[in-house]
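Text of work-v5.cif, listed as mmCIF, C-alpha atoms and all ligand atoms:
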data_entry
#
loop_
_atom_site.label_atom_id
_atom_site.label_comp_id
_atom_site.auth_asym_id
_atom_site.auth_seq_id
_atom_site.Cartn_x
_atom_site.Cartn_y
_atom_site.Cartn_z
CA MET A 1094 2.07 -50.62 41.42
CA ALA A 1095 1.96 -54.24 42.45
CA THR A 1096 2.51 -56.17 45.65
CA PHE A 1097 4.02 -59.60 46.01
CA ILE A 1098 3.88 -61.47 49.30
CA SER A 1099 6.94 -63.64 49.79
CA HIS A 1100 6.97 -66.41 52.38
CA SER A 1101 10.59 -67.49 52.02
CA PRO A 1102 13.96 -66.43 50.65
CA ALA A 1103 13.34 -68.81 47.74
CA GLU A 1104 10.09 -67.07 46.82
CA THR A 1105 11.83 -63.70 46.86
CA GLU A 1106 14.54 -65.12 44.67
CA SER A 1107 12.07 -66.49 42.16
CA LEU A 1108 10.37 -63.11 41.83
CA GLY A 1109 13.79 -61.69 40.99
CA GLU A 1110 14.40 -64.54 38.59
CA GLN A 1111 11.25 -63.68 36.63
CA TRP A 1112 12.41 -60.09 36.38
CA GLY A 1113 15.89 -61.19 35.31
CA ARG A 1114 14.43 -63.24 32.47
CA ALA A 1115 12.35 -60.33 31.17
CA VAL A 1116 14.65 -57.38 31.78
CA GLN A 1117 16.09 -55.36 28.93
CA ARG A 1118 19.28 -53.40 28.46
CA GLY A 1119 19.23 -50.05 30.24
CA TRP A 1120 16.95 -50.99 33.11
CA VAL A 1121 17.63 -49.87 36.66
CA PHE A 1122 16.17 -51.63 39.71
CA ALA A 1123 16.06 -49.25 42.67
CA LEU A 1124 15.72 -51.34 45.83
CA SER A 1125 14.90 -50.05 49.29
CA GLY A 1126 14.12 -51.72 52.58
CA ASP A 1127 15.72 -52.25 55.97
CA LEU A 1128 18.85 -54.22 56.77
CA GLY A 1129 18.09 -57.86 56.16
CA ALA A 1130 14.89 -57.14 54.24
CA GLY A 1131 15.97 -59.30 51.31
CA LYS A 1132 17.40 -56.92 48.75
CA THR A 1133 20.47 -59.03 48.06
CA GLN A 1134 18.27 -62.12 47.95
CA LEU A 1135 16.26 -60.46 45.20
CA VAL A 1136 19.45 -59.56 43.31
CA ARG A 1137 20.46 -63.23 43.41
CA GLY A 1138 17.22 -64.04 41.63
CA ILE A 1139 17.72 -61.32 39.02
CA ALA A 1140 21.21 -62.70 38.38
CA ARG A 1141 19.84 -66.20 38.01
CA GLY A 1142 17.17 -64.98 35.57
CA LEU A 1143 19.94 -63.37 33.53
CA ARG A 1144 21.85 -66.66 33.67
CA VAL A 1145 24.76 -65.14 35.52
CA SER A 1146 26.54 -68.13 36.97
CA SER A 1147 28.74 -66.54 39.64
CA ARG A 1148 27.51 -66.20 43.18
CA VAL A 1149 26.18 -62.75 44.05
CA HIS A 1150 27.60 -61.00 47.10
CA SER A 1151 26.87 -57.46 48.06
CA PRO A 1152 29.70 -55.13 47.15
CA THR A 1153 31.38 -54.27 50.45
CA PHE A 1154 34.64 -52.49 49.70
CA THR A 1155 33.60 -51.21 46.32
CA LEU A 1156 30.43 -49.46 45.32
CA VAL A 1157 29.62 -51.83 42.51
CA ASN A 1158 30.12 -55.46 41.52
CA GLU A 1159 29.88 -56.31 37.87
CA TYR A 1160 28.75 -59.73 36.70
CA THR A 1161 29.34 -60.74 33.13
CA GLY A 1162 28.64 -63.99 31.36
CA GLY A 1163 24.87 -63.64 31.55
CA ARG A 1164 22.44 -62.47 28.90
CA LEU A 1165 23.28 -58.85 29.83
CA PRO A 1166 25.97 -57.37 32.09
CA LEU A 1167 24.68 -56.93 35.64
CA PHE A 1168 25.89 -54.05 37.81
CA HIS A 1169 25.11 -54.53 41.48
CA LEU A 1170 25.44 -51.41 43.59
CA ASP A 1171 25.06 -50.97 47.33
CA LEU A 1172 24.84 -47.37 48.52
CA TYR A 1173 24.54 -48.18 52.23
CA ARG A 1174 27.84 -46.53 53.08
CA LEU A 1175 27.10 -43.34 51.20
CA GLU A 1176 25.72 -40.89 53.67
CA THR A 1177 26.18 -37.29 52.66
CA PRO A 1178 24.81 -35.73 49.48
CA ASN A 1179 28.41 -34.92 48.53
CA GLN A 1180 29.48 -38.54 48.80
CA ILE A 1181 26.50 -39.55 46.73
CA HIS A 1182 27.23 -36.98 44.05
CA GLY A 1183 30.93 -37.84 44.03
CA ALA A 1184 30.35 -41.54 43.65
CA GLY A 1185 30.26 -41.62 39.85
CA LEU A 1186 26.79 -43.06 39.64
CA ASP A 1187 25.71 -41.52 36.36
CA GLU A 1188 26.81 -44.40 34.17
CA PHE A 1189 24.81 -46.82 36.32
CA LEU A 1190 21.64 -44.78 35.96
CA ARG A 1191 21.90 -45.33 32.21
CA PRO A 1192 23.56 -48.73 32.32
CA ASP A 1193 24.92 -50.60 29.34
CA GLY A 1194 23.28 -53.63 30.83
CA VAL A 1195 21.16 -53.91 33.97
CA ALA A 1196 21.82 -52.04 37.21
CA VAL A 1197 20.43 -53.08 40.58
CA ILE A 1198 20.89 -50.57 43.39
CA GLU A 1199 20.53 -51.50 47.05
CA TRP A 1200 19.73 -48.62 49.38
CA ALA A 1201 18.49 -46.61 46.42
CA GLU A 1202 16.76 -44.25 48.85
CA ARG A 1203 20.22 -42.74 49.39
CA LEU A 1204 19.91 -41.30 45.89
CA ALA A 1205 16.88 -39.29 46.87
CA ASP A 1206 18.71 -38.20 50.04
CA GLY A 1207 21.41 -36.79 47.77
CA GLY A 1208 18.91 -34.95 45.63
CA TRP A 1209 19.02 -37.36 42.69
CA LYS A 1210 15.88 -38.02 40.80
CA LEU A 1211 15.31 -41.44 39.36
CA GLU A 1212 13.85 -40.15 36.17
CA ALA A 1213 16.28 -41.12 33.44
CA GLY A 1214 15.71 -44.31 31.53
CA LYS A 1215 13.62 -47.20 32.72
CA PHE A 1216 13.23 -47.80 36.42
CA MET A 1217 11.72 -50.45 38.57
CA THR A 1218 11.36 -49.14 42.09
CA VAL A 1219 11.06 -51.89 44.66
CA ARG A 1220 10.39 -51.59 48.37
CA ILE A 1221 10.69 -54.62 50.62
CA GLU A 1222 8.94 -54.61 53.98
CA VAL A 1223 9.56 -57.17 56.68
CA THR A 1224 6.16 -58.43 57.80
CA GLY A 1225 7.23 -61.57 59.66
CA GLU A 1226 10.25 -63.73 60.35
CA SER A 1227 10.23 -65.13 56.84
CA LYS A 1228 7.49 -63.02 55.32
CA ARG A 1229 8.11 -60.02 53.13
CA GLN A 1230 5.86 -57.58 51.32
CA ILE A 1231 7.48 -56.55 48.04
CA ILE A 1232 5.94 -53.47 46.46
CA TYR A 1233 7.11 -52.58 42.99
CA GLU A 1234 6.35 -50.22 40.18
CA ASP A 1235 7.97 -49.67 36.83
CA SER A 1236 8.29 -46.24 35.34
CA GLY A 1237 10.05 -44.39 32.60
CA ALA A 1238 10.61 -44.97 28.94
N1 LIG A 1301 10.78 -64.04 52.41
C1 LIG A 1301 12.08 -63.70 52.49
N2 LIG A 1301 12.66 -63.05 51.46
C2 LIG A 1301 13.95 -62.69 51.52
N3 LIG A 1301 14.77 -62.93 52.57
C3 LIG A 1301 14.25 -63.58 53.62
C4 LIG A 1301 12.89 -63.98 53.62
N4 LIG A 1301 12.65 -64.61 54.80
C5 LIG A 1301 13.77 -64.60 55.48
N5 LIG A 1301 14.77 -63.99 54.80
C6 LIG A 1301 16.13 -63.80 55.28
O1 LIG A 1301 16.37 -62.42 55.38
C7 LIG A 1301 17.71 -62.14 55.03
C8 LIG A 1301 17.77 -61.20 53.84
O2 LIG A 1301 19.11 -60.84 53.67
P1 LIG A 1301 19.60 -59.92 52.50
O3 LIG A 1301 21.08 -59.90 52.60
O4 LIG A 1301 18.99 -60.32 51.22
O5 LIG A 1301 19.00 -58.51 52.97
P2 LIG A 1301 19.38 -57.08 52.44
O6 LIG A 1301 18.08 -56.36 52.30
O7 LIG A 1301 20.24 -57.18 51.24
O8 LIG A 1301 20.17 -56.45 53.67
P3 LIG A 1301 21.34 -55.35 53.66
O9 LIG A 1301 20.65 -54.01 53.74
O10 LIG A 1301 22.09 -55.66 54.89
O11 LIG A 1301 22.14 -55.49 52.41
C9 LIG A 1301 18.38 -63.46 54.72
O12 LIG A 1301 18.99 -63.96 55.88
C10 LIG A 1301 17.19 -64.33 54.32
O13 LIG A 1301 17.43 -65.70 54.57
MG MG A 1302 22.11 -56.47 50.77
#
Would you mind writing the file's structure down as structure tokens?
Amino acid sequence: MATFISHSPAETESLGEQWGRAVQRGWVFALSGDLGAGKTQLVRGIARGLRVSSRVHSPTFTLVNEYTGGRLPLFHLDLYRLETPNQIHGAGLDEFLRPDGVAVIEWAERLADGGWKLEAGKFMTVRIEVTGESKRQIIYEDSGA
């Protein structure tokens, strides 16, 4: 487990960028943290590290946005709107837990709420805590094969 203290959106993005440069096919980033914590900001960095050129926006009407054109396909999921275990199970998430590319999941704690276990494949669990107006504590740990 490691902790990164970010002092600005740009610093959060560059942490993501480092991860995006190093990440390998099949990885899942499971992000948690409050509204406005900086999850999407981190995804922008991951996309940049993968050399995805399109602008990253959180999926709002769909569950997942797919970005191609980078070193690996990037699947960006936001589970905020999934509330019940049934919705979570019905959402067709399996393919994104073993992605043919890289998956980044905002509100990944919803998975645990639905009884999923993040045990398949390679995971990076990331928790972002708001510790000041522009300060964030980013706690992360990689696990799995
Ligand atoms: N150190 C920081 N790291 C990341 N974001 C920061 C930081 N300081 C301030 N911010 C601001 O916090 C906000 C983070 O927004 P972002 O959309 O990334 O959050 P989110 O966790 O994805 O929220 P949501 O749950 O609504 O999707 C932005 O307005 C950003 O400018
Ligand atoms: Mg977001």
Problem - Shell around A:Ser1227 at 9 Å using all atoms listed in the file, local window under 6 positions removed, as a count of residues only - result: 4
Give me the residues of chain A that have any atom at most 6 Å from an atom of ligand MG 1302 (chain A); for each, the nearest atom pair and the distance in Å, rounded to one decimal. Use all atoms listed in the file, sort by chain and number, and format it as a tab-separated table.
residue	atom	partner	partner_atom	distance
A:Lys1132	CA	A:MG1302	MG	5.1
A:Thr1133	CA	A:MG1302	MG	4.1
A:Ser1151	CA	A:MG1302	MG	5.6
Within 12 Å of ligand LIG 1301 (chain A): each chain A residue with its shortest pair, only C-alpha atoms and all ligand atoms, as a tab-separated table:
residue	atom	partner	partner_atom	distance
A:Phe1097	CA	A:LIG1301	N1	10.3
A:Ile1098	CA	A:LIG1301	N1	8.0
A:Ser1099	CA	A:LIG1301	N1	4.7
A:His1100	CA	A:LIG1301	N1	4.5
A:Ser1101	CA	A:LIG1301	N1	3.5
A:Pro1102	CA	A:LIG1301	N2	3.7
A:Ala1103	CA	A:LIG1301	N2	6.9
A:Glu1104	CA	A:LIG1301	N1	6.4
A:Thr1105	CA	A:LIG1301	N2	4.7
A:Glu1106	CA	A:LIG1301	C2	7.3
A:Ser1107	CA	A:LIG1301	N2	9.9
A:Leu1108	CA	A:LIG1301	N2	9.9
A:Gly1109	CA	A:LIG1301	C2	10.6
A:Leu1124	CA	A:LIG1301	O6	8.5
A:Ser1125	CA	A:LIG1301	O6	7.7
A:Gly1126	CA	A:LIG1301	O6	6.1
A:Asp1127	CA	A:LIG1301	O9	5.7
A:Leu1128	CA	A:LIG1301	O9	3.5
A:Gly1129	CA	A:LIG1301	O5	3.4
A:Ala1130	CA	A:LIG1301	O6	3.8
A:Gly1131	CA	A:LIG1301	O4	3.2
A:Lys1132	CA	A:LIG1301	O6	3.7
A:Thr1133	CA	A:LIG1301	O7	3.7
A:Gln1134	CA	A:LIG1301	O4	3.8
A:Leu1135	CA	A:LIG1301	O4	6.6
A:Val1136	CA	A:LIG1301	O4	8.0
A:Arg1137	CA	A:LIG1301	O4	8.5
A:Gly1138	CA	A:LIG1301	O4	10.4
A:Val1149	CA	A:LIG1301	O3	10.4
A:His1150	CA	A:LIG1301	O3	8.6
A:Ser1151	CA	A:LIG1301	O11	6.7
A:Pro1152	CA	A:LIG1301	O11	9.2
A:Thr1153	CA	A:LIG1301	O11	9.5
A:His1169	CA	A:LIG1301	O7	11.2
A:Leu1170	CA	A:LIG1301	O11	10.3
A:Asp1171	CA	A:LIG1301	O11	7.4
A:Leu1172	CA	A:LIG1301	O11	9.4
A:Tyr1173	CA	A:LIG1301	O9	7.2
A:Arg1174	CA	A:LIG1301	O9	10.4
A:Val1197	CA	A:LIG1301	O7	11.4
A:Ile1198	CA	A:LIG1301	O7	10.3
A:Glu1199	CA	A:LIG1301	O11	6.9
A:Trp1200	CA	A:LIG1301	O9	7.0
A:Ala1201	CA	A:LIG1301	O9	10.6
A:Glu1202	CA	A:LIG1301	O9	11.6
A:Val1219	CA	A:LIG1301	O6	11.3
A:Arg1220	CA	A:LIG1301	O6	9.9
A:Ile1221	CA	A:LIG1301	O6	7.8
A:Glu1222	CA	A:LIG1301	O6	9.5
A:Val1223	CA	A:LIG1301	C1	8.2
A:Thr1224	CA	A:LIG1301	N1	9.0
A:Gly1225	CA	A:LIG1301	N4	7.9
A:Glu1226	CA	A:LIG1301	C5	6.1
A:Ser1227	CA	A:LIG1301	N4	3.2
A:Lys1228	CA	A:LIG1301	N1	4.5
A:Arg1229	CA	A:LIG1301	N1	4.9
A:Gln1230	CA	A:LIG1301	N1	8.2
A:Ile1231	CA	A:LIG1301	N2	9.0
Exercise for the section: For atom CA of A:Leu1186 and atom CA of A:Thr1096, determine how far apart the two atoms are, in Å to one decimal place. Expected result: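 These atoms are spaced 28.2 Å apart.
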Practice task
Would you mind telling me which residue in A:Glu1234, A:Asp1206, A:Asp1193, A:Glu1159 lies nearest to A:Ile1181 when using all atoms listed in the file?
Solution key: A:Asp1206
Handout entry: Between atom CA of A:Val1195 and atom CA of A:Phe1168 - distance in Å to one decimal
Key =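 Spanning atom CA of A:Phe1168 to atom CA of A:Val1195 is a straight-line distance of 6.1 Å.
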Problem - Separation of atom CA of A:Gly1163 from atom CA of A:Ser1147, in Å and rounded to one decimal - result: 9.4 Å
Exercise for the section: Considering all atoms listed in the file, state which residue in the set A:Ala1184, A:Met1217, A:Val1116, A:Met1094 is at the smallest distance from A:Val1157. Expected result: A:Ala1184
